[in-house]
$ cat upload32.cif   # mmCIF, C-alpha atoms
data_protein
loop_
_atom_site.label_atom_id
_atom_site.label_comp_id
_atom_site.auth_asym_id
_atom_site.auth_seq_id
_atom_site.Cartn_x
_atom_site.Cartn_y
_atom_site.Cartn_z
CA ALA N 1 43.76 -57.24 -75.85
CA TYR N 2 40.31 -58.08 -74.56
CA TYR N 3 37.91 -60.39 -76.32
CA SER N 4 34.23 -61.15 -76.09
CA PRO N 5 33.12 -63.12 -73.05
CA ASP N 6 32.58 -66.84 -73.46
CA ILE N 7 28.84 -66.33 -73.53
CA PHE N 8 29.14 -64.93 -77.07
CA LEU N 9 31.43 -67.74 -78.18
CA LYS N 10 28.94 -70.33 -76.92
CA PHE N 11 26.34 -68.69 -79.13
CA THR N 12 28.24 -69.86 -82.20
CA SER N 13 28.09 -73.54 -81.22
CA ILE N 14 25.28 -75.22 -83.12
CA ARG N 15 24.15 -78.71 -82.18
CA LYS N 16 21.18 -80.44 -83.82
CA GLY N 17 19.67 -77.17 -84.94
CA GLU N 18 19.90 -75.61 -81.50
CA VAL N 19 22.27 -72.96 -80.26
CA ALA N 20 24.29 -74.42 -77.43
CA LEU N 21 24.08 -72.23 -74.35
CA SER N 22 24.58 -74.89 -71.75
CA LYS N 23 26.81 -72.86 -69.48
CA ARG N 24 25.00 -69.59 -69.01
CA SER N 25 26.56 -66.92 -66.87
CA ASP N 26 25.72 -66.67 -63.18
CA LEU N 27 26.10 -62.90 -63.30
CA GLN N 28 22.39 -62.33 -62.85
CA LYS N 29 22.58 -64.03 -59.46
CA GLU N 30 25.50 -61.84 -58.47
CA ILE N 31 24.21 -58.48 -59.75
CA GLU N 32 21.00 -57.27 -58.18
CA ASN N 33 20.29 -54.61 -60.80
CA PRO N 34 21.97 -55.44 -64.15
CA LYS N 35 20.53 -52.38 -65.92
CA LYS N 36 21.92 -50.02 -63.28
CA LYS N 37 25.30 -51.74 -63.44
CA ILE N 38 25.47 -51.29 -67.21
CA ILE N 39 24.44 -47.64 -66.89
CA ASP N 40 27.11 -47.08 -64.22
CA ILE N 41 29.73 -48.51 -66.59
CA LEU N 42 28.56 -46.27 -69.42
CA GLU N 43 28.50 -43.26 -67.11
CA SER N 44 32.18 -43.83 -66.37
CA PHE N 45 32.83 -42.71 -69.99
CA ARG N 46 30.90 -39.45 -69.59
CA TYR N 47 33.74 -36.95 -69.14
CA LYS N 48 36.31 -38.42 -71.50
CA ARG N 49 34.26 -39.78 -74.39
CA GLY N 50 30.61 -39.35 -73.58
CA VAL N 51 27.91 -41.84 -72.67
CA ARG N 52 26.41 -41.85 -76.16
CA GLU N 53 29.71 -42.84 -77.77
CA ALA N 54 30.23 -45.62 -75.22
CA PHE N 55 26.72 -46.98 -75.72
CA ARG N 56 27.06 -46.87 -79.49
CA ALA N 57 30.36 -48.78 -79.24
CA LEU N 58 28.79 -51.36 -76.92
CA VAL N 59 25.94 -52.21 -79.27
CA GLU N 60 28.01 -51.94 -82.46
CA ILE N 61 30.73 -54.25 -81.16
CA SER N 62 28.09 -56.71 -79.94
CA ALA N 63 26.24 -56.71 -83.27
CA LEU N 64 29.43 -57.10 -85.30
CA GLU N 65 30.65 -59.98 -83.14
CA LEU N 66 27.30 -61.76 -83.35
CA PHE N 67 27.34 -61.25 -87.12
CA SER N 68 30.77 -62.86 -87.23
CA ALA N 69 29.23 -65.96 -85.63
CA CYS N 70 27.10 -66.49 -88.74
CA PRO N 71 28.21 -68.55 -91.74
CA VAL N 72 29.89 -66.41 -94.40
CA TYR N 73 27.40 -65.87 -97.22
CA ASP N 74 29.10 -62.74 -98.55
CA LYS N 75 32.88 -62.67 -98.11
CA GLU N 76 33.25 -59.01 -99.04
CA LEU N 77 30.60 -58.01 -96.51
CA ALA N 78 32.16 -60.25 -93.85
CA ASP N 79 35.59 -58.70 -94.44
CA THR N 80 34.16 -55.18 -94.34
CA ARG N 81 32.39 -55.78 -91.04
CA HIS N 82 35.43 -57.49 -89.53
CA LYS N 83 37.53 -54.45 -90.39
CA ARG N 84 34.87 -52.20 -88.91
CA LEU N 85 34.90 -54.25 -85.70
CA GLU N 86 38.66 -53.90 -85.39
CA SER N 87 38.40 -50.19 -86.16
CA VAL N 88 35.82 -49.56 -83.44
CA LYS N 89 37.83 -51.50 -80.87
CA SER N 90 41.04 -49.69 -81.79
CA GLN N 91 39.46 -46.38 -80.74
CA PHE N 92 39.39 -47.49 -77.10
CA THR N 93 42.16 -48.26 -74.64
CA ASP N 94 42.51 -51.74 -73.15
CA GLU N 95 41.00 -50.52 -69.90
CA GLU N 96 38.03 -48.99 -71.72
CA LEU N 97 37.48 -52.16 -73.74
CA LYS N 98 37.52 -54.13 -70.51
CA LYS N 99 34.67 -51.98 -69.23
CA LEU N 100 32.69 -52.35 -72.45
CA TYR N 101 33.06 -56.12 -72.38
CA GLU N 102 31.97 -56.19 -68.75
CA ALA N 103 28.80 -54.33 -69.77
CA GLN N 104 28.40 -56.65 -72.76
CA LYS N 105 28.60 -59.74 -70.59
CA ILE N 106 25.99 -58.42 -68.16
CA MET N 107 23.74 -57.43 -71.05
CA ALA N 108 24.04 -60.79 -72.82
CA SER N 109 23.43 -62.72 -69.61
CA TYR N 110 20.30 -60.71 -68.85
CA ILE N 111 18.85 -61.19 -72.34
CA LEU N 112 19.60 -64.91 -72.41
CA GLU N 113 18.09 -65.50 -69.00
CA ASN N 114 15.08 -63.19 -69.22
CA GLN N 115 14.33 -62.96 -72.95
CA LYS N 116 13.56 -59.26 -72.48
CA ASP N 117 14.63 -55.93 -73.92
CA ILE N 118 17.26 -54.21 -71.80
CA LEU N 119 19.07 -52.08 -74.39
CA GLY N 120 15.98 -50.05 -75.28
CA GLU N 121 15.33 -49.31 -71.63
CA ILE N 122 18.92 -48.17 -71.12
CA PHE N 123 18.78 -46.07 -74.29
CA MET N 124 15.69 -44.18 -73.12
CA GLU N 125 16.81 -43.91 -69.50
CA LEU N 126 19.99 -42.20 -70.68
CA SER N 127 17.87 -39.82 -72.83
CA MET N 128 19.64 -40.76 -76.06
CA GLY N 129 16.52 -40.62 -78.23
CA ASN N 130 16.51 -38.28 -81.23
CA ASP N 131 13.66 -35.81 -80.68
CA ALA N 132 13.92 -34.55 -84.26
CA GLN N 133 13.14 -38.06 -85.51
CA GLY N 134 10.41 -38.58 -82.92
CA GLN N 135 12.48 -41.38 -81.46
CA PHE N 136 10.76 -42.85 -78.43
CA PHE N 137 10.88 -46.56 -77.69
CA THR N 138 7.61 -48.12 -76.60
CA PRO N 139 7.78 -49.45 -72.99
CA GLU N 140 7.63 -53.22 -72.61
CA PRO N 141 4.11 -53.35 -71.03
CA ILE N 142 2.70 -51.36 -73.96
CA CYS N 143 4.51 -53.60 -76.44
CA LYS N 144 2.94 -56.65 -74.83
CA LEU N 145 -0.51 -55.06 -74.83
CA MET N 146 -0.28 -54.04 -78.48
CA ALA N 147 1.02 -57.48 -79.48
CA LEU N 148 -1.90 -59.12 -77.70
CA MET N 149 -4.41 -56.76 -79.32
CA MET N 150 -3.00 -57.22 -82.82
CA MET N 151 -2.04 -60.91 -82.74
CA GLN N 152 -4.47 -62.56 -80.39
CA GLY N 153 -6.10 -65.34 -82.38
CA GLU N 154 -3.55 -64.95 -85.18
CA ALA N 155 -2.47 -68.58 -84.94
CA GLU N 156 -4.87 -69.93 -87.58
CA LYS N 157 -3.91 -67.25 -90.07
CA ALA N 158 -0.23 -67.86 -89.35
CA LYS N 159 -0.63 -71.58 -89.85
CA GLU N 160 -2.31 -71.00 -93.22
CA PHE N 161 0.63 -68.86 -94.35
CA ILE N 162 3.10 -71.45 -93.07
CA LYS N 163 1.28 -74.23 -94.91
CA GLU N 164 1.15 -72.22 -98.14
CA LYS N 165 4.52 -70.44 -98.11
CA GLY N 166 6.51 -72.27 -95.47
CA TYR N 167 6.84 -69.38 -93.07
CA TYR N 168 4.98 -66.45 -91.52
CA MET N 169 6.50 -62.97 -91.59
CA VAL N 170 6.22 -60.34 -88.87
CA SER N 171 7.58 -56.92 -89.77
CA ASP N 172 8.39 -53.69 -87.93
CA PRO N 173 9.53 -50.78 -90.14
CA CYS N 174 10.61 -48.66 -87.15
CA VAL N 175 12.08 -51.38 -84.99
CA GLY N 176 13.94 -49.35 -82.37
CA ALA N 177 15.48 -51.85 -79.96
CA GLY N 178 13.11 -54.59 -81.15
CA GLY N 179 10.56 -54.45 -78.32
CA MET N 180 7.50 -54.87 -80.55
CA LEU N 181 8.90 -57.92 -82.34
CA LEU N 182 10.01 -59.49 -79.06
CA ALA N 183 6.46 -59.12 -77.75
CA ALA N 184 5.00 -60.50 -81.00
CA ALA N 185 7.25 -63.54 -80.74
CA GLN N 186 6.04 -64.24 -77.21
CA VAL N 187 2.37 -63.99 -78.26
CA LEU N 188 2.85 -66.29 -81.27
CA LYS N 189 4.78 -68.78 -79.18
CA LYS N 190 1.94 -68.99 -76.65
CA GLN N 191 -0.41 -69.74 -79.55
CA GLY N 192 1.63 -72.77 -80.54
CA ILE N 193 3.67 -71.25 -83.38
CA ASP N 194 7.30 -72.34 -83.65
CA VAL N 195 8.84 -68.87 -83.81
CA ARG N 196 12.33 -70.24 -84.36
CA ASN N 197 11.52 -72.22 -87.47
CA GLU N 198 8.25 -70.96 -88.90
CA VAL N 199 8.42 -67.20 -88.39
CA LEU N 200 10.72 -64.71 -90.11
CA PHE N 201 11.06 -61.34 -88.42
CA TYR N 202 11.86 -58.46 -90.74
CA ALA N 203 12.89 -55.11 -89.30
CA SER N 204 14.27 -51.77 -90.34
CA ASP N 205 15.09 -48.44 -88.76
CA VAL N 206 16.53 -45.17 -89.98
CA ASP N 207 18.94 -45.11 -87.00
CA MET N 208 21.89 -47.51 -87.25
CA THR N 209 22.26 -47.60 -83.47
CA ALA N 210 18.71 -48.96 -83.29
CA VAL N 211 19.57 -51.62 -85.87
CA TYR N 212 22.55 -52.67 -83.76
CA MET N 213 20.38 -52.89 -80.64
CA ALA N 214 17.62 -54.91 -82.29
CA TYR N 215 20.08 -57.20 -84.07
CA THR N 216 21.97 -57.92 -80.84
CA GLN N 217 18.86 -58.70 -78.80
CA MET N 218 17.11 -60.74 -81.49
CA SER N 219 20.30 -62.68 -82.15
CA LEU N 220 20.71 -63.57 -78.48
CA MET N 221 17.06 -64.67 -78.32
CA ARG N 222 17.73 -66.81 -81.42
CA MET N 223 14.96 -65.15 -83.39
CA PRO N 224 15.30 -65.69 -87.17
CA ALA N 225 15.46 -62.10 -88.38
CA VAL N 226 16.58 -59.91 -91.26
CA LEU N 227 17.34 -56.28 -90.49
CA ARG N 228 18.53 -53.29 -92.46
CA ARG N 229 19.01 -49.56 -91.99
CA MET N 230 16.26 -47.93 -94.00
CA ASP N 231 13.86 -44.99 -94.00
CA ALA N 232 10.46 -46.72 -93.97
CA LEU N 233 8.79 -43.78 -95.75
CA SER N 234 11.19 -43.34 -98.66
CA GLN N 235 12.32 -46.99 -98.56
CA LYS N 236 15.87 -45.77 -99.11
CA GLY N 237 18.66 -47.23 -97.06
CA ASP N 238 21.58 -49.63 -96.94
CA LYS N 239 21.67 -52.52 -99.38
CA ASP N 240 23.51 -54.82 -96.99
CA LEU N 241 21.42 -56.88 -94.59
CA TRP N 242 21.92 -57.95 -91.01
CA ILE N 243 20.84 -61.60 -90.86
CA THR N 244 20.73 -63.25 -87.44
CA LEU N 245 22.22 -66.65 -86.67
CA GLY N 246 18.69 -67.89 -86.01
CA VAL N 247 18.03 -67.85 -89.76
CA PHE N 248 20.98 -70.13 -90.44
CA VAL N 249 20.09 -72.50 -87.60
CA SER N 250 16.58 -72.97 -89.03
CA GLN N 251 16.91 -75.23 -92.06
CA ASN N 252 13.42 -74.22 -93.18
CA LEU N 253 14.17 -70.49 -93.24
CA SER N 254 17.78 -70.70 -94.40
CA LEU N 255 16.75 -72.66 -97.50
CA ARG N 256 14.18 -70.00 -98.30
CA LEU N 257 16.57 -67.10 -97.83
CA PHE N 258 19.56 -68.60 -99.60
CA ARG N 259 19.99 -70.45 -102.85
CA GLN N 260 23.29 -72.13 -103.65
CA ASN N 261 24.95 -70.15 -100.86
CA LYS N 262 24.17 -66.85 -102.60
CA LYS N 263 22.20 -64.05 -101.04
CA GLU N 264 18.92 -63.46 -102.80
CA ALA N 265 18.42 -60.01 -104.30
CA VAL N 266 16.61 -57.50 -102.15
CA GLU N 267 16.43 -54.79 -104.80
CA GLU N 268 13.96 -52.05 -103.91
CA ASN N 269 11.46 -54.28 -102.13
CA PRO N 270 11.75 -53.67 -98.35
CA ASN N 271 10.75 -57.30 -97.79
CA PRO N 272 13.82 -59.51 -98.23
CA ILE N 273 12.01 -62.34 -99.97
CA GLU N 274 8.99 -62.79 -102.18
CA ARG N 275 7.21 -66.07 -101.72
#

$ encode --input "upload32.cif" --output "structure tokens"
Amino acid sequence: AYYSPDIFLKFTSIRKGEVALSKRSDLQKEIENPKKKIIDILESFRYKRGVREAFRALVEISALELFSACPVYDKELADTRHKRLESVKSQFTDEELKKLYEAQKIMASYILENQKDILGEIFMELSMGNDAQGQFFTPEPICKLMALMMMQGEAEKAKEFIKEKGYYMVSDPCVGAGGMLLAAAQVLKKQGIDVRNEVLFYASDVDMTAVYMAYTQMSLMRMPAVLRRMDALSQKGDKDLWITLGVFVSQNLSLRLFRQNKKEAVEENPNPIER
């Protein structure tokens, strides 16, 4: 059997409130074009399983494994997702899993080193968007421009919220691969906001594959985030949340999201917490 590369295991090691990633992979130095390499691996599944199925498995396995790195706050949910992880993996041969984990390792290394969206770019380059849902992920330069336009000078307002409520929330109801929130985090960080302890990112998307992509990338960037599959218009979706390890690492945010190790009720409110 094949298991996740060490880079994912290192993500689970918490030391003094920081995620230990001391031994990052040197793959980026060895692979000139990581995105092309990942696409080539996915393309190798085209005639037997299909590229879409391979990509979905890649992001679902990654999200489920990163979720398993989090403290167990809901044993039933943890057991359900562990069984789902084993089920997804059982659908592939050892050789196929080896390929998926090679792509996973390249993907994780790229995100850790560059703090950029790669899954959204691959998703669009492989034309996997759902036209019926108007699914088109905003390119990174546009995300950065929009974040600058919307959040430039937001620091004072954010600090007021943090002083009053203990945190500042940034939300994206159609998160896609997370590009908008990644850009927002960069803008806030440049304005002196501690995005790992004072900002909670809340995201939803009607497409579960998008949730897996955003959860994986935001987890690897150690962004405190809460995600769920939900239709932003009807506000109907899954009850279960996808909470990144960044929330648990931040004592400030974890205390606000959890009380006596029990998940706070989300009910019908799309925002996970009311402060």

$ resolve_selection --input "upload32.cif" --expression "the PyMOL selection byres ((chain N and resi 213-220) around 8)" --output "NGL selection string"
:N and (11 or 59-60 or 62-63 or 66 or 108 or 111-112 or 117 or 119-120 or 175-178 or 182 or 209-212 or 221-225 or 227 or 242 or 244-246)

$ residues_around --input "upload32.cif" --residues "Glu96 of chain N" --least-positions-apart "4" --cutoff "10 Å" --atoms "all atoms listed in the file" --output "MDAnalysis selection string"
chainID N and resid 2 41 44:45 54 89 91:92 100:102

$ closest_residue --input "upload32.cif" --among "N:Val88, N:Val170, N:Lys144, N:Ala184" --to "Arg56 of chain N" --atoms "only C-alpha atoms"
N:Val88

$ resolve_selection --input "upload32.cif" --expression "the PyMOL selection byres ((chain N and resi 52) around 10)" --output "ChimeraX atom specification"
/N:42-43,45-46,49-51,53-58,123,126-128

$ residues_around --input "upload32.cif" --residues "Ile118 of chain N" --least-positions-apart "5" --cutoff "8 Å" --atoms "only C-alpha atoms" --output "number ranges by chain"
N: 35, 107, 110-111

$ residues_around --input "upload32.cif" --residues "Val206 of chain N" --least-positions-apart "6" --cutoff "12 Å" --atoms "all atoms listed in the file" --output "JSON, numbers by chain"
{"N": [130, 133, 134, 135, 172, 173, 174, 175, 176, 212, 227, 228, 229, 230, 231, 232, 233, 234, 235, 236, 237, 238]}

$ write_last_selection --input "upload32.cif" --atoms "C-alpha atoms" --output "tab-separated table (two decimals), keeping the file's coordinate frame"
chain	number	residue	atom	x	y	z
N	130	ASN	CA	16.51	-38.28	-81.23
N	133	GLN	CA	13.14	-38.06	-85.51
N	134	GLY	CA	10.41	-38.58	-82.92
N	135	GLN	CA	12.48	-41.38	-81.46
N	172	ASP	CA	8.39	-53.69	-87.93
N	173	PRO	CA	9.53	-50.78	-90.14
N	174	CYS	CA	10.61	-48.66	-87.15
N	175	VAL	CA	12.08	-51.38	-84.99
N	176	GLY	CA	13.94	-49.35	-82.37
N	212	TYR	CA	22.55	-52.67	-83.76
N	227	LEU	CA	17.34	-56.28	-90.49
N	228	ARG	CA	18.53	-53.29	-92.46
N	229	ARG	CA	19.01	-49.56	-91.99
N	230	MET	CA	16.26	-47.93	-94.00
N	231	ASP	CA	13.86	-44.99	-94.00
N	232	ALA	CA	10.46	-46.72	-93.97
N	233	LEU	CA	8.79	-43.78	-95.75
N	234	SER	CA	11.19	-43.34	-98.66
N	235	GLN	CA	12.32	-46.99	-98.56
N	236	LYS	CA	15.87	-45.77	-99.11
N	237	GLY	CA	18.66	-47.23	-97.06
N	238	ASP	CA	21.58	-49.63	-96.94

$ atom_distance --input "upload32.cif" --atom1 "atom CA of Gln115 of chain N" --atom2 "atom CA of Val226 of chain N"
18.7 Å

$ atom_distance --input "upload32.cif" --atom1 "atom CA of Pro71 of chain N" --atom2 "atom CA of Leu241 of chain N"
13.8 Å

$ atom_distance --input "upload32.cif" --atom1 "atom CA of Gln104 of chain N" --atom2 "atom CA of Ala69 of chain N"
15.9 Å
